[in-house]
Structures are given as C-alpha cells and as structure tokens.
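Okay, structure first, notes after.
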Amino acid sequence: MGFISKLILPRQVDFDNALQAQAHQTAGMVQDLYDAFVPGDPHAQNEIAKAAEKARALKDSNMKELLDVFITPYDRESIFRLITQLDWVAVSVNHLKLLANAYSIDSLKSYEDILLELTHMAHFLDEGISRLTSKTLHSIAEDCDRIHDKYDQVFSLCAHSSVALLQQDDFGKTLMLRDILAQMREIAKRVHVAANTLEDMMVKVV
C-alpha cells in the first residue's frame with residue numbers, strides 16, 4: 001500500500017517543520033544581535049553573518065518545496081508570504097549589523113530596551129509558528145497579539161530616542177544613530193508583518 005500510494009498520491013511536505021526551522025533560525029539571529037551590541041559578546045557578530053547564510057538557505061529550501069509540491073496544508077500564498085517575511089527579518093537583522101559596522105559602532109547599549117523588545121517579538125513569532133503542528137489557534141493568536149503590542153512599544157521607544165538625538169549638538173552622530181533606529185524599526189515591522197501573515201494562515205484553516 002505504501003509503495004502504491006507513493007506512485008499515485010501527490011507528494012506532501014511537512015511545512016510545519018520547515019517554517020518552524022526558519023522561524024527558529026530567525027529568532028536566534030535577533031538574539032545574536034542583542035548579544036553582540038549590548039553585552040558585547042565578541043563572537044555574536046560572527047554568528048549573525050553565519051546565521052544569515054543559514055537563514056537564506058532555509059528560505060531557498062522552503063521556497064523550492066513550495067514551488068514543487070502540489071498539496072499544501074495551508075493557503076499557498078500565505079505560506080509564500082510567511083517564508084519571505086521571515087527572510088526579510090533575517091536580512092534586516094544582518095543589515096543592522098552591517099550598518100553598525102560601517103559606522104564603527106561597537107555598542108548599542110543605550111538602545112538596550114529597544115533591542116530587548118525586538119528579541120521578545122522574535123521569540124513570540126518563533127513560539128507562534130511552533131504551535132502550527134498542534135493547531136492551538138487561540139495560543140497562536142495570543143502570541144500575535146503580544147507581537148502587535150511589542151511593535152507599538154518599539155515604535156514609541158524609537159520615537160523618543162529620535163527626539164533625544166535632535167537635542168544633541170553632534171550632527172554626524174545624530175544622523176548615524178537615526179539610521180540605526182530606522183533599521184531597528186524595520187526589523188520590528190518585518191516581525192509584525194510576519195505575525196499578520198501567520199494569523200492569516202490560521203484564519204484560513206479554521
């Protein structure tokens with residue numbers, strides 16, 4: 001029966017596991033970002049670069065599976081959007097590291113509160129996607145609600161930090177740190193959009 005089913009039935013892919021692996025990798029990158037620029041872990045920046053390569057490989061693998069498989073457990077477009085948004089989070093994290101390196105910024109401890117909120121957002125996204133297998137829809141919705149709340153918090157913290165920068169006399173430093181804050185908001189935005197996509201997937205399977 002198993003042999004016959006392989007010949008007759010369309011191939012299926014465990015997208016729960018595939019998306020969970022990509023989300024976990026992405027959350028790890030956000031944590032590495034915090035470790036690199038707050039406590040100043042000397043190995044964390046190198047880990048971000050390595051993790052970015054792994055994240056891109058997972059994205060490419062998941063996209064290939066999506067294009068090749070006939071049957072999917074969720075709406076195909078929703079899976080596509082979640083794959084791409086997780087990739088955007090990883091790309092945005094790596095871009096923040098590259099931006100800090102270009103500006104010779106070794107520490108972002110003054111923005112520890114923002115970076116910490118970003119780790120929480122990434123953790124809740126990772127947690128929500130990990131619940132796909134059990135289909136605990138209410139718990140996934142709660143994780144997404146937490147992400148929405150954290151997004152507002154990040155935006156508020158960045159806004160207050162931008163105001164503080166405008167009160168400084170060092171124009172060059174102000175411009176550099178405003179770029180850094182903008183990139184932090186970009187990370188938060190990408191996690192937020194990914195959470196919206198996760199909710200969209202859940203609504204369509206109810």
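Order determines the names: the first chain of the structure tokens is A, the second B, and so forth; residues in each chain are numbered 1 upward, and ligands are numbered 1 upward as they are shown.
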Exercise for review: Please provide the set of residues having any atom within 12 Å of stretch 101-104 of chain A, restricted to only C-alpha atoms, with same-chain residues fewer than 2 positions apart removed, written as a PyMOL selection string.
Suggested key: chain A and resi 36-37+45-46+94-99+106-108+172-180
Review point. Which residues, written as JSON, numbers by chain, have at least one atom at most 8 Å from A:Val191, with only C-alpha atoms counted and residues fewer than 5 positions away on the same chain left out?
Key: {"A": [85, 86, 89, 121, 122, 125, 147]}
Can you write just those residues out, C-alpha atoms, as an mmCIF file, in the first residue's frame?
```cif
data_model
loop_
_atom_site.group_PDB
_atom_site.id
_atom_site.type_symbol
_atom_site.label_atom_id
_atom_site.label_comp_id
_atom_site.auth_asym_id
_atom_site.auth_seq_id
_atom_site.Cartn_x
_atom_site.Cartn_y
_atom_site.Cartn_z
ATOM 1 C CA GLN A 85 8.742 37.785 5.658
ATOM 2 C CA LEU A 86 10.889 35.518 7.832
ATOM 3 C CA VAL A 89 13.554 39.683 9.278
ATOM 4 C CA MET A 121 8.951 39.978 19.301
ATOM 5 C CA ALA A 122 11.084 37.379 17.540
ATOM 6 C CA LEU A 125 6.854 34.772 16.474
ATOM 7 C CA ILE A 147 3.850 40.957 18.878
#
```
Selection near A:Ser110, 12 Å with only C-alpha atoms, sequence-local residues under 5 positions removed, as a tab-separated table (two decimals) with C-alpha atoms, in the first residue's frame:
```
chain	number	residue	atom	x	y	z
A	34	TYR	CA	21.28	41.78	21.18
A	37	PHE	CA	25.74	45.06	20.77
A	38	VAL	CA	24.55	45.06	24.39
A	39	PRO	CA	26.75	42.74	26.50
A	105	ILE	CA	29.60	51.37	16.28
A	115	LEU	CA	16.86	45.56	21.22
A	116	LEU	CA	15.34	43.63	24.10
A	157	LEU	CA	10.89	53.88	22.16
A	158	CYS	CA	12.41	54.70	18.78
A	161	SER	CA	15.13	58.17	21.13
A	164	ALA	CA	16.61	62.89	22.20
A	165	LEU	CA	19.03	62.78	19.25
A	177	LEU	CA	22.07	56.85	15.13
A	180	ILE	CA	20.34	52.73	13.33
A	181	LEU	CA	16.94	53.49	14.86
```
Point to revise | Selected residue of minimal separation from A:Asp126 among A:Val93, A:Ile114, A:Ala195, A:Ala51, counting only C-alpha atoms | key: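 Using only C-alpha atoms, the shortest distance to A:Asp126 belongs to A:Ala195.
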Practice item. Using atom CA of A:Val69 and atom CA of A:Ala90 as the two end points, give the distance in Å to one decimal. Key: 24.9 Å
Practice item. For A:Ala21, list every protein, DNA or RNA residue within 10 Å, evaluated using only C-alpha atoms, and leave out those in the same chain fewer than 3 positions away; present the list as number ranges by chain. Key: A: 15-18, 24-26, 55, 58-59, 62, 126, 129-130
Could those selected residues go to a file with C-alpha atoms, as a short mmCIF file (atom, residue, chain, number, x, y, z; two decimals), in the first residue's frame?
```
data_model
loop_
_atom_site.label_atom_id
_atom_site.label_comp_id
_atom_site.auth_asym_id
_atom_site.auth_seq_id
_atom_site.Cartn_x
_atom_site.Cartn_y
_atom_site.Cartn_z
CA PHE A 15 5.58 22.73 6.09
CA ASP A 16 5.04 22.99 9.84
CA ASN A 17 8.55 21.72 10.47
CA ALA A 18 10.01 23.72 7.57
CA HIS A 24 13.82 29.48 14.98
CA GLN A 25 16.83 30.47 12.92
CA THR A 26 15.48 33.99 12.56
CA ALA A 55 18.59 31.61 7.07
CA LEU A 58 16.34 27.67 4.70
CA LYS A 59 14.35 30.28 2.79
CA ASN A 62 11.32 26.20 1.75
CA ASP A 126 9.01 31.67 16.88
CA ILE A 129 4.92 29.24 14.46
CA SER A 130 5.99 26.35 16.71
#
```
Point to revise | All helix (DSSP H, G or I) residues (DSSP, backbone) inside stretch 35-106 of chain A, as a PyMOL selection string | key: chain A and resi 35-37+44-68+76-102
Point to revise | Coordinates-based distance that separates atom CA of A:Leu19 from atom CA of A:Ile71 (Å, one decimal) | key: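 Taking atom CA of A:Ile71 and atom CA of A:Leu19, their separation equals 15.9 Å.
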Practice item. Would you mind reading off the distance between atom CA of A:Ala141 and atom CA of A:Val193, one decimal, in Å? Key: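 About the pair atom CA of A:Ala141 and atom CA of A:Val193: they are 13.8 Å apart.
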